[in-house]
$ cat input-v7.txt   # compact mmCIF, C-alpha atoms
# COMPACT_ATOMS: atom_id res chain seq x y z
CA MET A 113 0.00 0.00 0.00
CA ARG A 114 1.14 3.53 -0.78
CA VAL A 115 -0.69 5.18 2.12
CA PRO A 116 -0.05 6.68 4.55
CA GLN A 117 3.15 8.66 4.54
CA LYS A 118 5.00 8.88 7.82
CA PRO A 119 2.92 10.52 10.55
CA SER A 120 3.47 14.26 10.75
CA PRO A 121 2.35 16.68 13.44
CA ARG A 122 1.34 19.11 10.72
CA TYR A 123 -1.25 16.72 9.33
CA ARG A 124 -3.58 15.77 12.12
CA ASN A 125 -5.01 12.25 11.99
CA LEU A 126 -8.35 12.87 13.65
CA PHE A 127 -9.52 9.32 13.06
CA ALA A 128 -6.54 8.00 15.04
CA GLU A 129 -7.30 10.49 17.81
CA LEU A 130 -10.79 9.01 18.00
CA GLY A 131 -9.38 5.53 18.53
CA TYR A 132 -9.48 4.00 15.06
CA SER A 133 -6.36 1.96 14.38
CA LEU A 134 -3.79 3.01 11.81
CA ALA A 135 -4.24 -0.34 10.09
CA GLU A 136 -7.96 0.16 9.54
CA ILE A 137 -7.48 3.81 8.54
CA ASN A 138 -4.83 2.85 5.98
CA THR A 139 -6.90 -0.01 4.62
CA ARG A 140 -9.98 2.18 4.30
CA THR A 141 -8.00 4.88 2.48
CA GLU A 142 -6.67 2.42 -0.07
CA GLU A 143 -10.07 0.77 -0.48
CA ILE A 144 -11.77 4.08 -1.29
CA PHE A 145 -9.21 4.89 -3.96
CA GLU A 146 -9.48 1.43 -5.49
CA THR A 147 -13.27 1.68 -5.51
CA LEU A 148 -13.31 5.05 -7.28
CA PHE A 149 -10.70 4.01 -9.81
CA TYR A 150 -11.05 0.24 -10.27
CA GLY A 151 -14.13 -0.92 -8.38
CA GLY A 152 -16.20 -1.99 -11.36
CA GLU A 153 -18.52 -0.16 -13.72
CA ASP A 154 -21.28 0.24 -11.14
CA VAL A 155 -19.06 2.11 -8.66
CA GLN A 156 -15.88 3.40 -10.33
CA LEU A 157 -15.50 6.81 -11.94
CA TYR A 158 -12.13 6.34 -13.67
CA HIS A 159 -12.06 4.90 -17.18
CA SER A 160 -8.94 3.98 -19.15
CA VAL A 161 -8.95 5.29 -22.71
CA GLY A 162 -6.62 3.71 -25.24
CA ALA A 163 -3.05 2.93 -24.34
CA ASP A 164 -2.15 6.00 -22.32
CA MET A 165 -5.17 8.12 -21.38
CA ALA A 166 -8.07 8.05 -18.92
CA CYS A 167 -11.05 10.15 -17.93
CA PHE A 168 -13.05 10.58 -14.72
CA GLU A 169 -16.80 10.55 -15.23
CA ASP A 170 -19.47 12.68 -13.64
CA THR A 171 -21.98 9.85 -13.53
CA GLY A 172 -24.88 12.12 -12.66
CA ASN A 173 -24.44 14.25 -15.76
CA TYR A 174 -22.88 11.64 -18.06
CA ASP A 175 -19.92 13.84 -18.91
CA VAL A 176 -16.32 14.59 -18.00
CA ARG A 177 -15.63 17.87 -16.20
CA THR A 178 -12.49 19.78 -15.39
CA GLU A 179 -13.72 19.65 -11.81
CA GLY A 180 -13.61 15.85 -11.77
CA MET A 181 -10.45 15.49 -13.86
CA SER A 182 -8.50 17.86 -11.62
CA TYR A 183 -9.96 16.24 -8.49
CA ALA A 184 -8.86 12.83 -9.74
CA MET A 185 -5.36 14.13 -10.45
CA MET A 186 -5.17 15.49 -6.90
CA MET A 187 -6.30 12.11 -5.57
CA CYS A 188 -3.57 10.41 -7.59
CA VAL A 189 -0.74 12.65 -6.44
CA GLN A 190 -1.87 12.31 -2.82
CA MET A 191 -1.92 8.51 -3.23
CA ASP A 192 1.37 8.34 -5.20
CA ARG A 193 -0.30 6.99 -8.35
CA ARG A 194 1.71 8.51 -11.17
CA GLU A 195 0.49 6.34 -14.04
CA GLU A 196 -3.14 7.25 -13.46
CA PHE A 197 -2.21 10.91 -12.98
CA ASP A 198 -0.41 11.04 -16.32
CA ARG A 199 -3.23 9.27 -18.12
CA LEU A 200 -5.75 11.82 -16.82
CA TRP A 201 -3.58 14.80 -17.75
CA ARG A 202 -3.06 13.49 -21.28
CA TRP A 203 -6.83 13.14 -21.74
CA ALA A 204 -7.41 16.67 -20.39
CA LYS A 205 -4.76 18.18 -22.69
CA THR A 206 -5.99 16.18 -25.69
CA TYR A 207 -9.71 16.79 -25.40
CA MET A 208 -10.40 19.62 -22.96
CA PHE A 209 -7.68 22.15 -23.75
CA LEU A 210 -8.89 25.13 -25.77
CA ASN A 211 -6.43 25.93 -28.54
CA ASP A 212 -8.22 28.90 -30.08
CA GLY A 213 -10.97 31.43 -29.50
CA PRO A 214 -11.31 33.91 -26.64
CA ASN A 215 -10.73 31.18 -24.04
CA ALA A 216 -7.60 29.72 -25.64
CA GLY A 217 -5.26 28.44 -22.96
CA TYR A 218 -8.09 27.41 -20.65
CA PHE A 219 -9.90 24.05 -20.54
CA ALA A 220 -13.46 23.33 -21.67
CA TRP A 221 -15.31 22.66 -18.43
CA SER A 222 -17.41 19.79 -19.86
CA CYS A 223 -16.77 17.14 -22.50
CA GLY A 224 -18.54 13.99 -23.53
CA LEU A 225 -17.03 10.65 -22.65
CA ASP A 226 -15.88 10.49 -26.27
CA GLY A 227 -13.92 13.72 -25.81
CA ARG A 228 -16.22 16.02 -27.76
CA LYS A 229 -16.50 19.42 -26.10
CA ASN A 230 -19.86 20.34 -24.59
CA ALA A 231 -18.72 23.91 -23.98
CA CYS A 232 -16.06 26.34 -25.14
CA GLY A 233 -15.57 28.03 -21.80
CA PRO A 234 -13.84 27.11 -18.55
CA ALA A 235 -14.86 26.68 -14.92
CA PRO A 236 -12.06 28.21 -12.84
CA ASP A 237 -12.14 25.60 -10.08
CA GLY A 238 -10.79 23.12 -12.60
CA GLU A 239 -7.86 25.30 -13.55
CA GLU A 240 -6.78 25.97 -9.98
CA TYR A 241 -6.95 22.27 -9.08
CA PHE A 242 -5.07 21.32 -12.24
CA ALA A 243 -2.29 23.77 -11.35
CA MET A 244 -1.99 22.61 -7.75
CA ALA A 245 -1.97 18.93 -8.68
CA LEU A 246 0.72 19.59 -11.29
CA PHE A 247 2.94 21.41 -8.81
CA PHE A 248 2.59 18.57 -6.32
CA ALA A 249 3.39 16.06 -9.06
CA ALA A 250 6.56 17.96 -9.95
CA HIS A 251 7.71 17.98 -6.34
CA ARG A 252 6.76 14.39 -5.58
CA TRP A 253 7.88 12.67 -8.77
CA GLY A 254 9.99 15.09 -10.77
CA ASP A 255 9.49 15.80 -14.44
CA GLY A 256 9.36 13.01 -16.97
CA GLU A 257 7.52 13.04 -20.26
CA VAL A 258 5.31 15.71 -18.72
CA HIS A 259 6.99 18.87 -17.43
CA TYR A 260 4.56 19.27 -14.57
CA GLU A 261 5.82 22.52 -13.08
CA ALA A 262 6.10 24.27 -16.44
CA GLU A 263 2.52 23.22 -17.24
CA ALA A 264 1.31 24.57 -13.90
CA ARG A 265 3.09 27.90 -14.33
CA GLN A 266 1.79 28.37 -17.85
CA LEU A 267 -1.76 27.66 -16.74
CA LEU A 268 -1.58 30.15 -13.87
CA ARG A 269 0.00 32.72 -16.21
CA THR A 270 -3.03 32.39 -18.47
CA CYS A 271 -5.43 32.59 -15.53
CA LEU A 272 -4.01 35.96 -14.44
CA HIS A 273 -3.02 37.58 -17.73
CA LYS A 274 -5.60 36.41 -20.23
CA GLY A 275 -6.52 39.23 -22.62
CA GLU A 276 -3.44 41.34 -22.05
CA ASP A 277 -2.11 40.38 -25.48
CA GLY A 278 -5.15 41.85 -27.19
CA GLU A 279 -6.39 38.45 -28.37
CA GLY A 280 -9.53 38.57 -26.27
CA GLY A 281 -10.72 36.70 -23.22
CA ARG A 282 -10.58 37.69 -19.58
CA PRO A 283 -8.54 36.56 -16.58
CA MET A 284 -10.12 34.21 -14.06
CA TRP A 285 -9.17 36.43 -11.13
CA ASP A 286 -10.37 40.01 -10.83
CA PRO A 287 -7.18 42.10 -10.85
CA GLU A 288 -8.56 44.72 -8.49
CA SER A 289 -10.22 42.60 -5.79
CA TYR A 290 -7.91 39.55 -6.19
CA LEU A 291 -11.02 37.34 -6.11
CA ILE A 292 -11.69 34.39 -8.38
CA ARG A 293 -14.64 34.77 -10.75
CA PHE A 294 -17.36 32.19 -11.27
CA ILE A 295 -16.47 32.22 -14.96
CA PRO A 296 -14.11 34.71 -16.60
CA GLU A 297 -16.80 36.76 -18.33
CA LEU A 298 -18.94 37.36 -15.23
CA ASP A 299 -18.12 39.51 -12.22
CA PHE A 300 -19.44 37.39 -9.41
CA SER A 301 -17.90 34.47 -7.58
CA ASP A 302 -18.48 31.08 -6.02
CA PRO A 303 -17.40 30.81 -2.36
CA SER A 304 -16.31 27.20 -2.87
CA TYR A 305 -13.86 28.24 -5.59
CA HIS A 306 -11.79 30.17 -3.05
CA LEU A 307 -8.66 28.18 -2.14
CA PRO A 308 -6.29 30.43 -0.18
CA HIS A 309 -4.27 27.39 0.88
CA PHE A 310 -3.52 26.85 -2.82
CA TYR A 311 -2.73 30.52 -3.41
CA GLU A 312 -0.20 30.54 -0.58
CA LEU A 313 1.68 27.84 -2.48
CA PHE A 314 1.22 29.53 -5.85
CA ALA A 315 2.90 32.52 -4.21
CA LEU A 316 5.96 30.30 -3.75
CA TRP A 317 5.97 28.43 -7.07
CA ALA A 318 4.23 30.49 -9.79
CA ASP A 319 6.04 32.99 -12.01
CA GLU A 320 8.02 35.30 -9.76
CA GLU A 321 6.29 38.45 -11.00
CA ASP A 322 2.89 36.98 -10.08
CA ARG A 323 3.78 35.87 -6.58
CA PRO A 324 2.67 39.13 -4.88
CA PHE A 325 -0.73 38.72 -6.55
CA TRP A 326 -1.16 35.23 -5.14
CA ARG A 327 -0.26 36.37 -1.63
CA LYS A 328 -2.91 39.08 -1.87
CA ALA A 329 -5.38 36.59 -3.35
CA ALA A 330 -4.95 34.32 -0.32
CA GLN A 331 -5.71 37.18 2.03
CA ALA A 332 -8.62 38.37 -0.09
CA SER A 333 -10.23 34.92 -0.25
CA ARG A 334 -10.05 34.41 3.51
CA ALA A 335 -11.71 37.79 3.96
CA TYR A 336 -14.30 36.84 1.34
CA TRP A 337 -15.26 33.72 3.27
CA VAL A 338 -16.04 35.88 6.29
CA ARG A 339 -18.44 37.95 4.19
CA ALA A 340 -19.99 35.00 2.36
CA CYS A 341 -20.71 32.70 5.34
CA HIS A 342 -23.74 33.51 7.45
CA PRO A 343 -22.73 34.74 10.92
CA ILE A 344 -25.24 32.48 12.70
CA THR A 345 -25.68 29.36 10.59
CA GLY A 346 -22.27 29.24 8.89
CA LEU A 347 -23.99 28.50 5.56
CA CYS A 348 -23.05 30.20 2.31
CA ALA A 349 -24.60 30.40 -1.13
CA GLU A 350 -23.43 28.47 -4.16
CA TYR A 351 -22.77 31.70 -6.06
CA ALA A 352 -22.13 35.06 -4.43
CA ASP A 353 -21.38 38.62 -5.44
CA MET A 354 -17.93 40.00 -4.89
CA ASP A 355 -19.14 41.45 -1.60
CA GLY A 356 -20.21 37.97 -0.45
CA ARG A 357 -23.95 38.42 -0.76
CA PRO A 358 -25.85 35.51 -2.36
CA GLN A 359 -25.96 35.95 -6.12
CA LYS A 360 -29.40 35.71 -7.70
CA THR A 361 -28.39 34.40 -11.11
CA ASP A 362 -30.65 33.99 -14.10
CA PRO A 363 -32.27 30.56 -13.52
CA LYS A 364 -32.69 30.08 -17.27
CA ARG A 365 -28.94 30.43 -17.81
CA PHE A 366 -27.63 28.46 -14.86
CA GLY A 367 -30.28 25.80 -14.37
CA GLY A 368 -32.08 27.20 -11.36
CA ARG A 369 -31.35 28.99 -8.12
CA HIS A 370 -27.85 29.29 -6.72
CA ASP A 371 -28.35 31.75 -3.86
CA TRP A 372 -28.94 28.95 -1.34
CA TYR A 373 -26.85 26.30 0.44
CA TYR A 374 -26.69 23.62 -2.21
CA SER A 375 -24.17 21.41 -3.99
CA ASP A 376 -21.24 23.75 -4.77
CA ALA A 377 -21.55 25.37 -1.36
CA TYR A 378 -20.74 22.18 0.55
CA ARG A 379 -17.12 22.47 -0.52
CA THR A 380 -16.60 25.79 1.23
CA ILE A 381 -16.29 24.39 4.74
CA PHE A 382 -13.96 21.69 3.45
CA ASN A 383 -11.71 24.37 1.98
CA ILE A 384 -11.78 26.28 5.26
CA ALA A 385 -10.80 23.11 7.10
CA LEU A 386 -7.94 22.24 4.73
CA ASP A 387 -6.66 25.80 4.90
CA SER A 388 -6.65 25.39 8.68
CA VAL A 389 -4.60 22.19 8.41
CA TRP A 390 -2.05 23.56 5.97
CA PHE A 391 -1.67 27.12 7.26
CA GLY A 392 -3.15 27.18 10.75
CA ARG A 393 -6.57 27.75 12.23
CA THR A 394 -7.73 31.34 12.52
CA PRO A 395 -10.22 32.31 15.25
CA TRP A 396 -12.84 32.92 12.59
CA ALA A 397 -12.29 29.49 11.00
CA VAL A 398 -12.81 27.81 14.38
CA GLU A 399 -16.00 29.79 14.96
CA GLU A 400 -17.24 29.08 11.43
CA ALA A 401 -16.67 25.31 11.75
CA ASN A 402 -18.41 25.28 15.12
CA ARG A 403 -21.36 27.26 13.74
CA LEU A 404 -21.89 25.00 10.77
CA GLN A 405 -21.64 21.80 12.81
CA ALA A 406 -24.01 23.19 15.41
CA PHE A 407 -26.51 24.03 12.69
CA PHE A 408 -26.54 20.52 11.25
CA CYS A 409 -26.38 18.77 14.63
CA GLY A 410 -29.06 20.95 16.17
CA GLY A 411 -32.03 19.04 14.83
CA VAL A 412 -32.36 20.12 11.20
CA PRO A 413 -32.47 17.41 8.53
CA ASP A 414 -29.11 16.98 6.84
CA ASN A 415 -30.55 15.92 3.50
CA ALA A 416 -32.45 19.05 2.55
CA ILE A 417 -31.83 22.37 0.82
CA TYR A 418 -31.39 25.48 2.98
CA GLU A 419 -31.54 29.21 2.67
CA VAL A 420 -28.32 30.68 4.03
CA ASP A 421 -30.23 31.97 7.07
CA GLY A 422 -31.03 28.36 7.98
CA THR A 423 -34.58 28.12 6.65
CA VAL A 424 -35.14 24.49 5.71
CA LEU A 425 -36.82 24.07 2.35
CA PRO A 426 -39.05 21.06 1.59
CA LEU A 427 -36.67 19.88 -1.13
CA PRO A 428 -34.20 16.99 -1.04
CA ALA A 429 -30.47 17.56 -1.30
CA LEU A 430 -29.00 16.11 -4.47
CA HIS A 431 -25.81 15.11 -2.63
CA PRO A 432 -26.55 14.32 1.03
CA ILE A 433 -23.36 12.29 1.53
CA ALA A 434 -21.33 15.30 0.43
CA ILE A 435 -22.95 17.33 3.22
CA LEU A 436 -22.07 14.69 5.78
CA ALA A 437 -18.48 14.39 4.50
CA THR A 438 -17.74 18.09 4.51
CA ASN A 439 -19.38 18.53 7.92
CA ALA A 440 -16.94 15.91 9.17
CA ALA A 441 -13.97 17.66 7.55
CA ALA A 442 -15.00 20.78 9.47
CA SER A 443 -13.87 18.93 12.60
CA LEU A 444 -10.27 19.74 11.62
CA ALA A 445 -11.01 23.41 12.26
CA ALA A 446 -13.66 23.05 14.97
CA ASP A 447 -13.21 22.87 18.74
CA GLY A 448 -16.87 22.51 19.65
CA PRO A 449 -18.93 19.62 21.02
CA TRP A 450 -20.03 18.34 17.59
CA ALA A 451 -16.61 17.70 16.07
CA GLU A 452 -16.36 14.11 17.26
CA VAL A 453 -19.98 13.36 16.43
CA CYS A 454 -19.56 14.52 12.82
CA ALA A 455 -16.29 12.64 12.32
CA ARG A 456 -17.62 9.37 13.74
CA ARG A 457 -20.80 9.56 11.73
CA PHE A 458 -18.77 10.04 8.56
CA TRP A 459 -16.55 7.07 9.40
CA GLU A 460 -19.65 4.90 9.62
CA THR A 461 -21.04 6.06 6.26
CA PRO A 462 -20.22 4.03 3.14
CA LEU A 463 -19.56 5.49 -0.27
CA ARG A 464 -22.61 6.34 -2.30
CA THR A 465 -23.78 4.06 -5.09
CA GLY A 466 -25.96 4.83 -8.10
CA THR A 467 -25.82 7.44 -10.81
CA ARG A 468 -25.35 10.42 -8.48
CA ARG A 469 -22.33 8.95 -6.71
CA TYR A 470 -19.66 11.10 -8.42
CA TYR A 471 -19.83 14.33 -6.42
CA ASP A 472 -20.58 12.70 -3.07
CA ASN A 473 -17.73 10.22 -3.38
CA CYS A 474 -15.19 12.80 -4.56
CA LEU A 475 -15.87 14.95 -1.52
CA SER A 476 -15.98 11.87 0.69
CA PHE A 477 -12.50 10.81 -0.41
CA PHE A 478 -11.07 14.29 0.05
CA ALA A 479 -12.62 14.45 3.51
CA PHE A 480 -11.23 11.02 4.39
CA LEU A 481 -7.75 12.00 3.20
CA ALA A 482 -7.86 15.18 5.28
CA LEU A 483 -9.25 13.54 8.41
CA SER A 484 -6.65 10.77 8.23
CA GLY A 485 -3.74 13.21 7.84
CA ASN A 486 -3.14 12.21 4.23
CA TYR A 487 -4.10 15.37 2.32
CA ARG A 488 -0.66 16.92 2.17
CA ILE A 489 1.53 19.59 0.63
CA TYR A 490 4.24 18.25 -1.68
$ encode --input "input-v7.txt" --output "structure tokens"
Amino acid sequence: MRVPQKPSPRYRNLFAELGYSLAEINTRTEEIFETLFYGGEDVQLYHSVGADMACFEDTGNYDVRTEGMSYAMMMCVQMDRREEFDRLWRWAKTYMFLNDGPNAGYFAWSCGLDGRKNACGPAPDGEEYFAMALFFAAHRWGDGEVHYEAEARQLLRTCLHKGEDGEGGRPMWDPESYLIRFIPELDFSDPSYHLPHFYELFALWADEEDRPFWRKAAQASRAYWVRACHPITGLCAEYADMDGRPQKTDPKRFGGRHDWYYSDAYRTIFNIALDSVWFGRTPWAVEEANRLQAFFCGGVPDNAIYEVDGTVLPLPALHPIAILATNAAASLAADGPWAEVCARRFWETPLRTGTRRYYDNCLSFFAFLALSGNYRIY
């Protein structure tokens, strides 16, 4: 088995603190990876393509997304699985990379399983995960056929400087506020896209002239979380304005409401927790994790949709396991009475099966890696 690395005080193993043995934690970690990648057509998400490529399927939408491809690459580098990593990156560069048009240099956010593009625009969360996974790959494995670090730097260069050459397109980050946009052409954001723990590392490894920007972006995103998360419930919207207020998008363009606590939004508390692991808990992060866990453990159903003020709507959550997983990850930042409850409940919850398993199981694996001390900086 490739997991875990040697125990490190920086990477807290909360499961071990709760009394689970290292042997069962390690076995469970490996089993989750094997299920997602090689568990059989009814459970796996990873599909080999030809001799040297692979894709990672969003089974609920029957497509391949930069979100999932970059997530899978991060899983691989954390688990020391270079062959699978390289196969995924080749598929992304072959089928998703945009070679021309206003978004040239970005990746099409959705493709069919056959590689045909479903869109000619990017989703910035894919680009930032691609870049971070590539940097980690460079540091863990060194360059081979793929020059990982050069690819990461080029991608971040495009993300910040798109359009400066007069060829059209816009950068993914707003140059004045230092905040990531939902998509380059629109001036609102998505709280779950904010990854200050990535930006701190970009500030060390990106092009030297861009490093001050990334340091400011990390600070700006942490401040943005404070504005976007409700001060009582801890909930945030899927999409939010640059001032943090829930964004009331056109439902005809974006498939419905996004100003409530729904699928994208679940990732926000996970990001806050991982930032706390990698760069230290702030007082606000502790309070935020405690608030969110108290909300969900205070008697509300954890499989519904919620207004950010905590109003429970009579609608089912599309990804209830993702809620449970990210609530558990919050325990890495929390110091309240619900931290152990959330972590133990997550331990006892199996991976999701069925067509909607993709998003739940991606967040479940990330949460398990973090809670076991195996989501690490390389």
$ closest_residue --input "input-v7.txt" --among "A:Ala231, A:Ala335, A:Cys188, A:Met284" --to "Phe300 in chain A" --atoms "all atoms listed in the file"
A:Met284
$ residues_around --input "input-v7.txt" --residues "range 131-133 of chain A" --least-positions-apart "6" --cutoff "12 Å" --atoms "all atoms listed in the file" --output "PyMOL selection string"
chain A and resi 125+139-140+452+455-456+459-460+483-484
$ residues_around --input "input-v7.txt" --residues "range 196-198 of chain A" --least-positions-apart "2" --cutoff "12 Å" --atoms "all atoms listed in the file" --output "ChimeraX atom specification"
/A:145-146,149-150,158-161,163-168,181-194,200-205,242,245-246,248-250,253,255-260
$ residues_around --input "input-v7.txt" --residues "Ile292 in chain A" --least-positions-apart "2" --cutoff "9 Å" --atoms "only C-alpha atoms" --output "list in words"
Pro236, Asp237, Met284, Trp285, Asp286, Ser289, Tyr290, Phe294, Ile295, Pro296, Phe300, Ser301, Asp302, Tyr305, His306, Ala329 and Ser333 of chain A
$ residues_around --input "input-v7.txt" --residues "range 417-423 of chain A" --least-positions-apart "6" --cutoff "9 Å" --atoms "all atoms listed in the file" --output "PyMOL selection string"
chain A and resi 341-349+358+371-374+407+429-430
$ atom_distance --input "input-v7.txt" --atom1 "CA of Arg403 in chain A" --atom2 "CA of Tyr241 in chain A"
27.4 Å
$ residues_near_point --input "input-v7.txt" --point "(-14.9, 23.3, 12.2)" --cutoff "6 Å" --atoms "all atoms listed in the file" --output "PyMOL selection string"
chain A and resi 398+401-402+442-446
$ write_last_selection --input "input-v7.txt" --atoms "C-alpha atoms" --output "PDB file, in the frame of the given file"
ATOM      1  CA  VAL A 398     -12.810  27.810  14.380  1.00  0.00           C
ATOM      2  CA  ALA A 401     -16.670  25.310  11.750  1.00  0.00           C
ATOM      3  CA  ASN A 402     -18.410  25.280  15.120  1.00  0.00           C
ATOM      4  CA  ALA A 442     -15.000  20.780   9.470  1.00  0.00           C
ATOM      5  CA  SER A 443     -13.870  18.930  12.600  1.00  0.00           C
ATOM      6  CA  LEU A 444     -10.270  19.740  11.620  1.00  0.00           C
ATOM      7  CA  ALA A 445     -11.010  23.410  12.260  1.00  0.00           C
ATOM      8  CA  ALA A 446     -13.660  23.050  14.970  1.00  0.00           C
TER       9      ALA A 446
END
$ closest_residue --input "input-v7.txt" --among "A:Glu169, A:Asp212, A:Lys229, A:Gly485" --to "Gly280 in chain A" --atoms "all atoms listed in the file"
A:Asp212
$ build_atoms --input "input-v7.txt" --residues "range 364-383 of chain A" --atoms "N, CA and C atoms" --output "PDB file, in the coordinates of the input"
ATOM      1  N   LYS A 364     -32.652  30.661 -15.936  1.00  0.00           N
ATOM      2  CA  LYS A 364     -32.690  30.080 -17.270  1.00  0.00           C
ATOM      3  C   LYS A 364     -31.286  29.809 -17.791  1.00  0.00           C
ATOM      4  N   ARG A 365     -30.305  30.601 -17.320  1.00  0.00           N
ATOM      5  CA  ARG A 365     -28.940  30.430 -17.810  1.00  0.00           C
ATOM      6  C   ARG A 365     -28.182  29.384 -17.004  1.00  0.00           C
ATOM      7  N   PHE A 366     -28.442  29.313 -15.719  1.00  0.00           N
ATOM      8  CA  PHE A 366     -27.630  28.460 -14.860  1.00  0.00           C
ATOM      9  C   PHE A 366     -28.418  27.324 -14.218  1.00  0.00           C
ATOM     10  N   GLY A 367     -29.565  26.998 -14.773  1.00  0.00           N
ATOM     11  CA  GLY A 367     -30.280  25.800 -14.370  1.00  0.00           C
ATOM     12  C   GLY A 367     -30.998  25.876 -13.046  1.00  0.00           C
ATOM     13  N   GLY A 368     -31.335  27.066 -12.608  1.00  0.00           N
ATOM     14  CA  GLY A 368     -32.080  27.200 -11.360  1.00  0.00           C
ATOM     15  C   GLY A 368     -31.407  28.134 -10.378  1.00  0.00           C
ATOM     16  N   ARG A 369     -31.879  28.113  -9.160  1.00  0.00           N
ATOM     17  CA  ARG A 369     -31.350  28.990  -8.120  1.00  0.00           C
ATOM     18  C   ARG A 369     -29.942  28.573  -7.692  1.00  0.00           C
ATOM     19  N   HIS A 370     -29.165  29.567  -7.272  1.00  0.00           N
ATOM     20  CA  HIS A 370     -27.850  29.290  -6.720  1.00  0.00           C
ATOM     21  C   HIS A 370     -27.528  30.223  -5.547  1.00  0.00           C
ATOM     22  N   ASP A 371     -28.549  30.843  -4.997  1.00  0.00           N
ATOM     23  CA  ASP A 371     -28.350  31.750  -3.860  1.00  0.00           C
ATOM     24  C   ASP A 371     -28.643  31.048  -2.531  1.00  0.00           C
ATOM     25  N   TRP A 372     -28.668  29.725  -2.538  1.00  0.00           N
ATOM     26  CA  TRP A 372     -28.940  28.950  -1.340  1.00  0.00           C
ATOM     27  C   TRP A 372     -27.788  27.988  -1.065  1.00  0.00           C
ATOM     28  N   TYR A 373     -27.868  27.294   0.069  1.00  0.00           N
ATOM     29  CA  TYR A 373     -26.850  26.300   0.440  1.00  0.00           C
ATOM     30  C   TYR A 373     -27.186  25.014  -0.274  1.00  0.00           C
ATOM     31  N   TYR A 374     -26.429  24.767  -1.344  1.00  0.00           N
ATOM     32  CA  TYR A 374     -26.690  23.620  -2.210  1.00  0.00           C
ATOM     33  C   TYR A 374     -25.342  23.114  -2.707  1.00  0.00           C
ATOM     34  N   SER A 375     -25.300  22.278  -3.668  1.00  0.00           N
ATOM     35  CA  SER A 375     -24.170  21.410  -3.990  1.00  0.00           C
ATOM     36  C   SER A 375     -22.789  22.076  -3.957  1.00  0.00           C
ATOM     37  N   ASP A 376     -22.553  23.102  -4.772  1.00  0.00           N
ATOM     38  CA  ASP A 376     -21.240  23.750  -4.770  1.00  0.00           C
ATOM     39  C   ASP A 376     -20.856  24.208  -3.365  1.00  0.00           C
ATOM     40  N   ALA A 377     -21.829  24.722  -2.642  1.00  0.00           N
ATOM     41  CA  ALA A 377     -21.550  25.370  -1.360  1.00  0.00           C
ATOM     42  C   ALA A 377     -20.977  24.425  -0.316  1.00  0.00           C
ATOM     43  N   TYR A 378     -21.220  23.128  -0.448  1.00  0.00           N
ATOM     44  CA  TYR A 378     -20.740  22.180   0.550  1.00  0.00           C
ATOM     45  C   TYR A 378     -19.213  22.180   0.629  1.00  0.00           C
ATOM     46  N   ARG A 379     -18.575  22.514  -0.491  1.00  0.00           N
ATOM     47  CA  ARG A 379     -17.120  22.470  -0.520  1.00  0.00           C
ATOM     48  C   ARG A 379     -16.470  23.582   0.294  1.00  0.00           C
ATOM     49  N   THR A 380     -17.214  24.632   0.579  1.00  0.00           N
ATOM     50  CA  THR A 380     -16.600  25.790   1.230  1.00  0.00           C
ATOM     51  C   THR A 380     -16.042  25.426   2.593  1.00  0.00           C
ATOM     52  N   ILE A 381     -16.803  24.722   3.415  1.00  0.00           N
ATOM     53  CA  ILE A 381     -16.290  24.390   4.740  1.00  0.00           C
ATOM     54  C   ILE A 381     -15.129  23.405   4.648  1.00  0.00           C
ATOM     55  N   PHE A 382     -15.126  22.549   3.639  1.00  0.00           N
ATOM     56  CA  PHE A 382     -13.960  21.690   3.450  1.00  0.00           C
ATOM     57  C   PHE A 382     -12.716  22.521   3.156  1.00  0.00           C
ATOM     58  N   ASN A 383     -12.855  23.510   2.302  1.00  0.00           N
ATOM     59  CA  ASN A 383     -11.710  24.370   1.980  1.00  0.00           C
ATOM     60  C   ASN A 383     -11.229  25.132   3.203  1.00  0.00           C
TER      61      ASN A 383
END
